[in-house]
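Have a look at final-v9.cif; it's mmCIF, N, CA and C atoms:
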```cif
data_upload
#
loop_
_atom_site.label_atom_id
_atom_site.label_comp_id
_atom_site.auth_asym_id
_atom_site.auth_seq_id
_atom_site.Cartn_x
_atom_site.Cartn_y
_atom_site.Cartn_z
N MET A 213 -70.29 25.00 75.24
CA MET A 213 -69.86 25.96 74.25
C MET A 213 -68.85 25.28 73.32
N LYS A 214 -69.00 25.48 72.04
CA LYS A 214 -68.04 24.97 71.06
C LYS A 214 -67.13 26.11 70.62
N PHE A 215 -65.85 25.83 70.54
CA PHE A 215 -64.87 26.81 70.09
C PHE A 215 -64.56 26.59 68.62
N THR A 216 -64.17 27.65 67.94
CA THR A 216 -63.66 27.49 66.58
C THR A 216 -62.21 27.05 66.68
N GLU A 217 -61.68 26.56 65.59
CA GLU A 217 -60.27 26.15 65.57
C GLU A 217 -59.37 27.34 65.90
N GLU A 218 -59.74 28.51 65.39
CA GLU A 218 -58.95 29.72 65.65
C GLU A 218 -58.97 30.08 67.14
N GLN A 219 -60.13 29.98 67.79
CA GLN A 219 -60.21 30.25 69.22
C GLN A 219 -59.39 29.23 70.01
N TYR A 220 -59.48 27.97 69.61
CA TYR A 220 -58.70 26.91 70.26
C TYR A 220 -57.21 27.22 70.19
N GLN A 221 -56.73 27.57 68.99
CA GLN A 221 -55.31 27.89 68.83
C GLN A 221 -54.91 29.08 69.69
N LYS A 222 -55.79 30.07 69.79
CA LYS A 222 -55.50 31.26 70.61
C LYS A 222 -55.44 30.89 72.09
N ILE A 223 -56.33 30.04 72.56
CA ILE A 223 -56.32 29.61 73.96
C ILE A 223 -55.00 28.90 74.26
N VAL A 224 -54.58 28.01 73.37
CA VAL A 224 -53.31 27.30 73.56
C VAL A 224 -52.15 28.30 73.59
N GLU A 225 -52.17 29.24 72.65
CA GLU A 225 -51.11 30.25 72.58
C GLU A 225 -51.07 31.10 73.85
N VAL A 226 -52.23 31.56 74.30
CA VAL A 226 -52.31 32.39 75.50
C VAL A 226 -51.82 31.59 76.70
N GLN A 227 -52.22 30.33 76.81
CA GLN A 227 -51.81 29.50 77.94
C GLN A 227 -50.30 29.35 77.95
N GLU A 228 -49.71 29.09 76.79
CA GLU A 228 -48.26 28.89 76.75
C GLU A 228 -47.52 30.18 77.08
N GLU A 229 -48.01 31.32 76.57
CA GLU A 229 -47.41 32.61 76.92
C GLU A 229 -47.54 32.88 78.41
N HIS A 230 -48.74 32.65 78.94
CA HIS A 230 -49.00 32.92 80.35
C HIS A 230 -48.15 32.00 81.23
N PHE A 231 -48.05 30.74 80.87
CA PHE A 231 -47.26 29.78 81.63
C PHE A 231 -45.81 30.23 81.69
N GLN A 232 -45.25 30.63 80.55
CA GLN A 232 -43.87 31.11 80.52
C GLN A 232 -43.72 32.37 81.35
N THR A 233 -44.66 33.30 81.22
CA THR A 233 -44.59 34.56 81.97
C THR A 233 -44.69 34.29 83.47
N THR A 234 -45.57 33.38 83.86
CA THR A 234 -45.75 33.05 85.27
C THR A 234 -44.46 32.49 85.85
N ILE A 235 -43.84 31.57 85.14
CA ILE A 235 -42.59 30.96 85.62
C ILE A 235 -41.50 32.02 85.73
N ILE A 236 -41.36 32.84 84.70
CA ILE A 236 -40.29 33.82 84.65
C ILE A 236 -40.51 34.94 85.66
N SER A 237 -41.71 35.54 85.65
CA SER A 237 -41.93 36.73 86.48
C SER A 237 -42.23 36.41 87.93
N GLU A 238 -42.90 35.31 88.20
CA GLU A 238 -43.30 35.02 89.57
C GLU A 238 -42.51 33.86 90.17
N GLY A 239 -41.72 33.18 89.36
CA GLY A 239 -40.89 32.10 89.86
C GLY A 239 -41.67 30.92 90.40
N ARG A 240 -42.87 30.71 89.91
CA ARG A 240 -43.66 29.57 90.37
C ARG A 240 -44.48 29.00 89.22
N LEU A 241 -44.86 27.75 89.36
CA LEU A 241 -45.59 27.08 88.30
C LEU A 241 -47.09 27.29 88.40
N ILE A 242 -47.60 27.49 89.59
CA ILE A 242 -49.04 27.60 89.76
C ILE A 242 -49.40 29.06 90.00
N ASN A 243 -50.36 29.54 89.23
CA ASN A 243 -50.82 30.92 89.39
C ASN A 243 -52.23 30.87 89.95
N ASP A 244 -52.61 31.84 90.73
CA ASP A 244 -53.91 31.84 91.41
C ASP A 244 -55.05 32.28 90.50
N GLY A 245 -55.27 31.57 89.42
CA GLY A 245 -56.38 31.89 88.53
C GLY A 245 -56.07 32.98 87.54
N GLY A 246 -54.85 33.44 87.49
CA GLY A 246 -54.49 34.51 86.57
C GLY A 246 -54.70 34.13 85.11
N PHE A 247 -54.64 32.85 84.79
CA PHE A 247 -54.84 32.40 83.42
C PHE A 247 -56.21 32.84 82.91
N TRP A 248 -57.25 32.74 83.76
CA TRP A 248 -58.60 33.11 83.33
C TRP A 248 -58.67 34.60 83.01
N ASN A 249 -57.98 35.42 83.81
CA ASN A 249 -57.97 36.86 83.55
C ASN A 249 -57.24 37.16 82.24
N VAL A 250 -56.14 36.46 81.99
CA VAL A 250 -55.41 36.67 80.74
C VAL A 250 -56.27 36.28 79.56
N VAL A 251 -56.98 35.16 79.67
CA VAL A 251 -57.85 34.70 78.58
C VAL A 251 -58.93 35.74 78.32
N SER A 252 -59.56 36.25 79.37
CA SER A 252 -60.65 37.20 79.16
C SER A 252 -60.13 38.52 78.58
N GLU A 253 -58.89 38.90 78.92
CA GLU A 253 -58.32 40.12 78.34
C GLU A 253 -57.95 39.93 76.88
N LYS A 254 -57.38 38.77 76.54
CA LYS A 254 -56.89 38.55 75.18
C LYS A 254 -57.99 38.06 74.25
N MET A 255 -59.07 37.55 74.80
CA MET A 255 -60.17 37.05 73.98
C MET A 255 -61.46 37.67 74.48
N PRO A 256 -61.71 38.94 74.17
CA PRO A 256 -62.87 39.65 74.72
C PRO A 256 -64.20 38.95 74.49
N LEU A 257 -64.36 38.23 73.40
CA LEU A 257 -65.64 37.56 73.14
C LEU A 257 -65.93 36.50 74.19
N LEU A 258 -64.89 35.95 74.81
CA LEU A 258 -65.10 34.93 75.83
C LEU A 258 -65.27 35.52 77.22
N SER A 259 -64.94 36.81 77.38
CA SER A 259 -64.92 37.40 78.72
C SER A 259 -66.28 37.31 79.42
N GLU A 260 -67.37 37.34 78.66
CA GLU A 260 -68.68 37.24 79.31
C GLU A 260 -68.96 35.85 79.85
N TYR A 261 -68.22 34.85 79.38
CA TYR A 261 -68.42 33.48 79.82
C TYR A 261 -67.43 33.03 80.89
N VAL A 262 -66.42 33.82 81.16
CA VAL A 262 -65.34 33.36 82.02
C VAL A 262 -65.82 32.98 83.41
N SER A 263 -66.92 33.52 83.89
CA SER A 263 -67.42 33.17 85.22
C SER A 263 -68.08 31.78 85.23
N SER A 264 -68.37 31.24 84.08
CA SER A 264 -69.03 29.94 84.00
C SER A 264 -68.09 28.81 84.39
N ASN A 265 -68.56 27.92 85.27
CA ASN A 265 -67.75 26.77 85.67
C ASN A 265 -67.48 25.84 84.50
N ASP A 266 -68.47 25.68 83.62
CA ASP A 266 -68.28 24.82 82.45
C ASP A 266 -67.16 25.36 81.58
N LEU A 267 -67.17 26.67 81.38
CA LEU A 267 -66.13 27.27 80.55
C LEU A 267 -64.77 27.12 81.21
N HIS A 268 -64.70 27.27 82.53
CA HIS A 268 -63.44 27.06 83.24
C HIS A 268 -62.92 25.65 82.96
N PHE A 269 -63.82 24.68 83.02
CA PHE A 269 -63.43 23.29 82.76
C PHE A 269 -62.93 23.13 81.32
N GLU A 270 -63.66 23.70 80.37
CA GLU A 270 -63.28 23.58 78.96
C GLU A 270 -61.94 24.26 78.69
N LEU A 271 -61.78 25.47 79.22
CA LEU A 271 -60.51 26.19 79.04
C LEU A 271 -59.36 25.43 79.69
N ALA A 272 -59.60 24.90 80.88
CA ALA A 272 -58.55 24.15 81.58
C ALA A 272 -58.17 22.90 80.79
N ALA A 273 -59.16 22.23 80.23
CA ALA A 273 -58.88 21.02 79.45
C ALA A 273 -58.08 21.34 78.19
N ILE A 274 -58.39 22.46 77.54
CA ILE A 274 -57.65 22.87 76.35
C ILE A 274 -56.25 23.34 76.73
N ALA A 275 -56.14 24.06 77.83
CA ALA A 275 -54.85 24.61 78.26
C ALA A 275 -53.89 23.52 78.72
N ASN A 276 -54.40 22.45 79.30
CA ASN A 276 -53.55 21.38 79.83
C ASN A 276 -53.04 20.51 78.69
N PRO A 277 -51.72 20.43 78.51
CA PRO A 277 -51.18 19.61 77.41
C PRO A 277 -51.59 18.14 77.49
N LEU A 278 -51.88 17.64 78.69
CA LEU A 278 -52.25 16.23 78.85
C LEU A 278 -53.66 15.94 78.37
N THR A 279 -54.55 16.94 78.39
CA THR A 279 -55.94 16.72 77.98
C THR A 279 -56.30 17.50 76.72
N ARG A 280 -55.32 18.16 76.14
CA ARG A 280 -55.59 19.06 75.00
C ARG A 280 -56.20 18.33 73.80
N GLU A 281 -55.68 17.18 73.45
CA GLU A 281 -56.20 16.45 72.28
C GLU A 281 -57.65 16.01 72.52
N TRP A 282 -57.92 15.48 73.70
CA TRP A 282 -59.28 15.08 74.05
C TRP A 282 -60.21 16.29 74.01
N ALA A 283 -59.77 17.43 74.59
CA ALA A 283 -60.59 18.64 74.62
C ALA A 283 -60.85 19.17 73.22
N HIS A 284 -59.87 19.04 72.34
CA HIS A 284 -60.06 19.48 70.95
C HIS A 284 -61.21 18.70 70.32
N ASP A 285 -61.18 17.38 70.50
CA ASP A 285 -62.23 16.54 69.93
C ASP A 285 -63.61 16.88 70.52
N LYS A 286 -63.65 17.22 71.79
CA LYS A 286 -64.92 17.42 72.48
C LYS A 286 -65.47 18.86 72.37
N PHE A 287 -64.60 19.87 72.37
CA PHE A 287 -65.05 21.26 72.50
C PHE A 287 -64.80 22.15 71.28
N VAL A 288 -64.21 21.62 70.23
CA VAL A 288 -63.91 22.44 69.06
C VAL A 288 -64.77 21.98 67.88
N GLU A 289 -65.43 22.96 67.25
CA GLU A 289 -66.26 22.65 66.08
C GLU A 289 -65.38 22.10 64.97
N GLU A 290 -65.89 21.12 64.28
CA GLU A 290 -65.15 20.59 63.14
C GLU A 290 -65.23 21.61 62.01
N GLU A 291 -64.07 21.92 61.44
CA GLU A 291 -64.03 22.90 60.36
C GLU A 291 -64.68 22.36 59.10
N LYS A 292 -65.34 23.24 58.39
CA LYS A 292 -65.93 22.85 57.11
C LYS A 292 -64.84 22.73 56.07
N LYS A 293 -65.06 21.83 55.14
CA LYS A 293 -64.11 21.65 54.04
C LYS A 293 -64.68 22.29 52.78
N TYR A 294 -63.76 22.78 51.97
CA TYR A 294 -64.13 23.46 50.74
C TYR A 294 -63.24 22.99 49.59
N TYR A 295 -63.72 23.24 48.39
CA TYR A 295 -62.89 23.15 47.19
C TYR A 295 -62.40 24.57 46.92
N TRP A 296 -61.10 24.75 46.78
CA TRP A 296 -60.50 26.07 46.62
C TRP A 296 -60.02 26.24 45.20
N THR A 297 -60.69 27.11 44.44
CA THR A 297 -60.36 27.36 43.05
C THR A 297 -59.95 28.82 42.90
N GLY A 298 -58.83 29.03 42.24
CA GLY A 298 -58.34 30.39 42.03
C GLY A 298 -59.37 31.25 41.33
N ASN A 299 -59.37 32.55 41.65
CA ASN A 299 -60.36 33.42 41.02
C ASN A 299 -59.78 34.21 39.85
N LYS A 300 -58.60 33.81 39.38
CA LYS A 300 -58.01 34.44 38.18
C LYS A 300 -57.77 33.38 37.11
N VAL A 301 -58.21 33.67 35.91
CA VAL A 301 -58.03 32.76 34.77
C VAL A 301 -56.87 33.28 33.94
N ASP A 302 -55.96 32.36 33.55
CA ASP A 302 -54.85 32.82 32.71
C ASP A 302 -55.32 33.01 31.26
N ASN A 303 -54.40 33.42 30.39
CA ASN A 303 -54.77 33.78 29.02
C ASN A 303 -55.21 32.59 28.15
N VAL A 304 -54.99 31.36 28.58
CA VAL A 304 -55.45 30.20 27.81
C VAL A 304 -56.58 29.44 28.49
N GLY A 305 -57.16 30.03 29.54
CA GLY A 305 -58.35 29.44 30.15
C GLY A 305 -58.08 28.48 31.29
N PHE A 306 -56.91 28.54 31.92
CA PHE A 306 -56.60 27.68 33.05
C PHE A 306 -56.71 28.46 34.36
N ILE A 307 -57.11 27.75 35.42
CA ILE A 307 -57.17 28.32 36.76
C ILE A 307 -56.45 27.36 37.72
N LYS A 308 -56.11 27.87 38.89
CA LYS A 308 -55.46 27.03 39.90
C LYS A 308 -56.51 26.43 40.84
N ARG A 309 -56.25 25.22 41.28
CA ARG A 309 -57.05 24.60 42.33
C ARG A 309 -56.09 24.00 43.34
N LEU A 310 -56.41 24.12 44.61
CA LEU A 310 -55.56 23.60 45.67
C LEU A 310 -55.91 22.15 45.97
N TYR A 311 -54.89 21.39 46.33
CA TYR A 311 -55.11 20.02 46.75
C TYR A 311 -54.01 19.60 47.70
N LYS A 312 -54.22 18.48 48.40
CA LYS A 312 -53.24 17.94 49.33
C LYS A 312 -52.55 16.77 48.64
N ASP A 313 -51.20 16.86 48.55
CA ASP A 313 -50.47 15.78 47.90
C ASP A 313 -50.25 14.62 48.87
N ASP A 314 -49.57 13.58 48.40
CA ASP A 314 -49.37 12.37 49.21
C ASP A 314 -48.56 12.63 50.48
N ASP A 315 -47.73 13.67 50.48
CA ASP A 315 -46.93 14.02 51.65
C ASP A 315 -47.66 14.94 52.63
N GLY A 316 -48.91 15.32 52.31
CA GLY A 316 -49.69 16.19 53.17
C GLY A 316 -49.49 17.67 52.91
N MET A 317 -48.70 18.00 51.90
CA MET A 317 -48.49 19.40 51.54
C MET A 317 -49.68 19.91 50.75
N ILE A 318 -50.03 21.18 50.96
CA ILE A 318 -51.08 21.81 50.17
C ILE A 318 -50.39 22.53 49.02
N ILE A 319 -50.72 22.15 47.81
CA ILE A 319 -50.12 22.77 46.62
C ILE A 319 -51.23 23.04 45.61
N ASP A 320 -50.86 23.76 44.57
CA ASP A 320 -51.87 24.04 43.55
C ASP A 320 -51.53 23.32 42.25
N HIS A 321 -52.54 23.12 41.45
CA HIS A 321 -52.36 22.59 40.11
C HIS A 321 -53.31 23.35 39.20
N VAL A 322 -53.03 23.33 37.93
CA VAL A 322 -53.87 24.08 36.99
C VAL A 322 -54.86 23.15 36.32
N ILE A 323 -56.05 23.68 36.12
CA ILE A 323 -57.12 22.93 35.45
C ILE A 323 -57.81 23.88 34.50
N ARG A 324 -58.55 23.32 33.55
CA ARG A 324 -59.37 24.16 32.68
C ARG A 324 -60.52 24.71 33.50
N LYS A 325 -60.89 25.93 33.21
CA LYS A 325 -61.97 26.58 33.97
C LYS A 325 -63.26 25.77 33.92
N GLU A 326 -63.50 25.11 32.81
CA GLU A 326 -64.75 24.33 32.66
C GLU A 326 -64.72 23.02 33.43
N ASP A 327 -63.55 22.57 33.86
CA ASP A 327 -63.41 21.28 34.53
C ASP A 327 -64.12 21.33 35.89
N THR A 328 -65.17 20.55 36.03
CA THR A 328 -65.95 20.57 37.27
C THR A 328 -65.66 19.36 38.15
N ASP A 329 -64.83 18.43 37.67
CA ASP A 329 -64.50 17.26 38.48
C ASP A 329 -63.72 17.69 39.71
N LYS A 330 -64.10 17.14 40.86
CA LYS A 330 -63.42 17.46 42.11
C LYS A 330 -63.08 16.15 42.81
N ALA A 331 -61.88 16.10 43.38
CA ALA A 331 -61.41 14.88 44.04
C ALA A 331 -61.38 15.08 45.55
N GLU A 332 -61.29 13.95 46.27
CA GLU A 332 -61.23 14.01 47.74
C GLU A 332 -60.01 14.76 48.25
N ASP A 333 -58.90 14.68 47.52
CA ASP A 333 -57.69 15.37 47.99
C ASP A 333 -57.78 16.88 47.81
N GLU A 334 -58.89 17.36 47.23
CA GLU A 334 -59.12 18.79 47.07
C GLU A 334 -60.08 19.35 48.14
N GLN A 335 -60.47 18.51 49.09
CA GLN A 335 -61.37 18.94 50.16
C GLN A 335 -60.50 19.43 51.32
N LEU A 336 -60.40 20.76 51.45
CA LEU A 336 -59.47 21.36 52.40
C LEU A 336 -60.18 22.39 53.28
N THR A 337 -59.71 22.51 54.52
CA THR A 337 -60.23 23.53 55.42
C THR A 337 -59.46 24.83 55.22
N GLU A 338 -60.03 25.91 55.71
CA GLU A 338 -59.37 27.21 55.60
C GLU A 338 -58.06 27.23 56.39
N SER A 339 -58.05 26.64 57.57
CA SER A 339 -56.82 26.65 58.35
C SER A 339 -55.71 25.83 57.69
N GLU A 340 -56.08 24.77 56.97
CA GLU A 340 -55.07 23.99 56.25
C GLU A 340 -54.38 24.83 55.18
N ILE A 341 -55.16 25.57 54.42
CA ILE A 341 -54.52 26.33 53.34
C ILE A 341 -53.74 27.52 53.89
N LYS A 342 -54.23 28.11 54.99
CA LYS A 342 -53.50 29.21 55.62
C LYS A 342 -52.15 28.72 56.15
N ALA A 343 -52.15 27.52 56.71
CA ALA A 343 -50.91 26.97 57.27
C ALA A 343 -49.83 26.80 56.21
N TRP A 344 -50.22 26.63 54.96
CA TRP A 344 -49.26 26.47 53.87
C TRP A 344 -49.02 27.79 53.14
N GLY A 345 -49.51 28.89 53.69
CA GLY A 345 -49.19 30.21 53.16
C GLY A 345 -50.12 30.73 52.07
N TYR A 346 -51.24 30.07 51.85
CA TYR A 346 -52.18 30.55 50.84
C TYR A 346 -53.15 31.54 51.47
N ASN A 347 -53.52 32.55 50.71
CA ASN A 347 -54.47 33.56 51.15
C ASN A 347 -55.86 33.13 50.66
N PRO A 348 -56.78 32.82 51.57
CA PRO A 348 -58.11 32.36 51.17
C PRO A 348 -58.86 33.35 50.28
N GLU A 349 -58.54 34.63 50.39
CA GLU A 349 -59.24 35.63 49.59
C GLU A 349 -58.87 35.57 48.11
N MET A 350 -57.81 34.85 47.79
CA MET A 350 -57.39 34.71 46.39
C MET A 350 -58.09 33.54 45.70
N PHE A 351 -58.99 32.87 46.43
CA PHE A 351 -59.66 31.69 45.89
C PHE A 351 -61.16 31.79 46.08
N ASP A 352 -61.87 31.21 45.12
CA ASP A 352 -63.31 30.99 45.30
C ASP A 352 -63.43 29.65 46.02
N ARG A 353 -64.32 29.57 46.97
CA ARG A 353 -64.47 28.31 47.67
C ARG A 353 -65.89 27.80 47.54
N GLU A 354 -65.96 26.50 47.40
CA GLU A 354 -67.25 25.82 47.29
C GLU A 354 -67.30 24.78 48.39
N GLU A 355 -68.34 24.87 49.23
CA GLU A 355 -68.42 23.95 50.37
C GLU A 355 -68.64 22.52 49.90
N VAL A 356 -67.94 21.61 50.55
CA VAL A 356 -68.08 20.18 50.26
C VAL A 356 -69.41 19.72 50.84
N GLN A 357 -70.18 19.02 50.06
CA GLN A 357 -71.49 18.52 50.52
C GLN A 357 -71.39 17.17 51.11
#
```

Would you put the structure from the file into structure tokens?
Amino acid sequence: MKFTEEQYQKIVEVQEEHFQTTIISEGRLINDGGFWNVVSEKMPLLSEYVSSNDLHFELAAIANPLTREWAHDKFVEEEKKYYWTGNKVDNVGFIKRLYKDDDGMIIDHVIRKEDTDKAEDEQLTESEIKAWGYNPEMFDREEVQ
């Protein structure tokens, strides 16, 4: 099973919450499988798969900080990249387009609406732009080929 980036982040979040709760409420580091129950409660779409041994392995690999990076590469779908162009044109015919600057920040710049040139630094995933506070619904997106 391949997870989306959003599911991956939720699994990590649930694991960290559960780990803290287990330590605080039960005073122990190891819980008797309670993590799987928490995952199935917080992620109903996965609940039908929780009995699968493969899924247990995948969830455990993502939950474990020591194997998390490896598990991300193996079990998480690679996000599609898009060109993000604002869907509002100003009074002189300019629109915003998002790009990643040299420091890795996602920022916008203005271009003429007719400008169809697209650069590599404008190939961004939805999670990248969300992380920098942009609302994807405010942009038209064109999938990178």

> Could you work out how far atom C of Trp282 of chain A lies from atom CA of Tyr311 of chain A, giving the answer in Å with one decimal?
Replying inline: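 Pair atom CA of Tyr311 of chain A / atom C of Trp282 of chain A returns 28.0 Å.
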
> Residues picked by the PyMOL selection byres ((chain A and resi 298) around 6.5) here, as a ChimeraX atom specification?
Replying inline: /A:296-297,299-301,307-310,350-352

Determine the residue membership of the PyMOL selection byres ((chain A and resi 333) around 6) for the file above and supply it as a CSV table (one decimal) with N, CA and C atoms, keeping the file's coordinate frame.
```csv
chain,number,residue,atom,x,y,z
A,310,LEU,N,-56.4,24.1,44.6
A,310,LEU,CA,-55.6,23.6,45.7
A,310,LEU,C,-55.9,22.2,46.0
A,311,TYR,N,-54.9,21.4,46.3
A,311,TYR,CA,-55.1,20.0,46.8
A,311,TYR,C,-54.0,19.6,47.7
A,312,LYS,N,-54.2,18.5,48.4
A,312,LYS,CA,-53.2,17.9,49.3
A,312,LYS,C,-52.6,16.8,48.6
A,331,ALA,N,-61.9,16.1,43.4
A,331,ALA,CA,-61.4,14.9,44.0
A,331,ALA,C,-61.4,15.1,45.6
A,332,GLU,N,-61.3,14.0,46.3
A,332,GLU,CA,-61.2,14.0,47.7
A,332,GLU,C,-60.0,14.8,48.2
A,334,GLU,N,-58.9,17.4,47.2
A,334,GLU,CA,-59.1,18.8,47.1
A,334,GLU,C,-60.1,19.4,48.1
A,335,GLN,N,-60.5,18.5,49.1
A,335,GLN,CA,-61.4,18.9,50.2
A,335,GLN,C,-60.5,19.4,51.3
A,336,LEU,N,-60.4,20.8,51.4
A,336,LEU,CA,-59.5,21.4,52.4
A,336,LEU,C,-60.2,22.4,53.3
```

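Minimum distance to Glu326 of chain A across A:Lys214, A:Gln219, A:Gly305, A:His284 (counting all atoms listed in the file) occurs at A:Gly305.
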
> Between A:Glu281, A:Asp320, A:Asp313, A:Glu349, which has the minimum distance to Gln221 of chain A (counting only C-alpha atoms)?
Replying inline: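 Closest residue, counting only C-alpha atoms: A:Glu281.
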
Mind telling me what the PyMOL selection byres (((chain A and resi 215 and name CA) around 7) and name CA) catches here, as an mmCIF file with N, CA and C atoms, keeping the file's coordinate frame?
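Okay, selection.cif is ready:
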```cif
data_model
loop_
_atom_site.group_PDB
_atom_site.id
_atom_site.type_symbol
_atom_site.label_atom_id
_atom_site.label_comp_id
_atom_site.auth_asym_id
_atom_site.auth_seq_id
_atom_site.Cartn_x
_atom_site.Cartn_y
_atom_site.Cartn_z
ATOM 1 N N MET A 213 -70.290 25.000 75.240
ATOM 2 C CA MET A 213 -69.860 25.960 74.250
ATOM 3 C C MET A 213 -68.850 25.280 73.320
ATOM 4 N N LYS A 214 -69.000 25.480 72.040
ATOM 5 C CA LYS A 214 -68.040 24.970 71.060
ATOM 6 C C LYS A 214 -67.130 26.110 70.620
ATOM 7 N N THR A 216 -64.170 27.650 67.940
ATOM 8 C CA THR A 216 -63.660 27.490 66.580
ATOM 9 C C THR A 216 -62.210 27.050 66.680
ATOM 10 N N GLU A 217 -61.680 26.560 65.590
ATOM 11 C CA GLU A 217 -60.270 26.150 65.570
ATOM 12 C C GLU A 217 -59.370 27.340 65.900
ATOM 13 N N GLN A 219 -60.130 29.980 67.790
ATOM 14 C CA GLN A 219 -60.210 30.250 69.220
ATOM 15 C C GLN A 219 -59.390 29.230 70.010
ATOM 16 N N TYR A 220 -59.480 27.970 69.610
ATOM 17 C CA TYR A 220 -58.700 26.910 70.260
ATOM 18 C C TYR A 220 -57.210 27.220 70.190
ATOM 19 N N PHE A 287 -64.600 19.870 72.370
ATOM 20 C CA PHE A 287 -65.050 21.260 72.500
ATOM 21 C C PHE A 287 -64.800 22.150 71.280
ATOM 22 N N VAL A 288 -64.210 21.620 70.230
ATOM 23 C CA VAL A 288 -63.910 22.440 69.060
ATOM 24 C C VAL A 288 -64.770 21.980 67.880
ATOM 25 N N GLU A 289 -65.430 22.960 67.250
ATOM 26 C CA GLU A 289 -66.260 22.650 66.080
ATOM 27 C C GLU A 289 -65.380 22.100 64.970
#
```

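Separating atom C of Val224 of chain A from atom N of Lys293 of chain A is a distance of 23.4 Å.
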
Put the listed atoms of segment 222-225 of chain A in a box along x, y and z with 8 Å added on every side and give me the centre and edge lengths in Å to one decimal, as JSON.
```
{"center_x": -53.7, "center_y": 29.3, "center_z": 72.0, "size_x": 21.3, "size_y": 20.0, "size_z": 20.5}
```

> Between A:Val304, A:Ala283, A:Val356, A:Ala343, which has the minimum distance to Glu270 of chain A (counting only N, CA and C atoms)?
Replying inline: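 Ranked by minimum distance to Glu270 of chain A, first place goes to A:Ala283.
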
>> Could you tell me how far atom CA of Thr328 of chain A sits from atom C of Arg353 of chain A, in Å to one decimal place?
In response: 12.6 Å

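With distances restricted to only C-alpha atoms, A:Glu340 is the closest residue to Gly316 of chain A from A:Glu225, A:Glu290, A:Glu340, A:Asp285.
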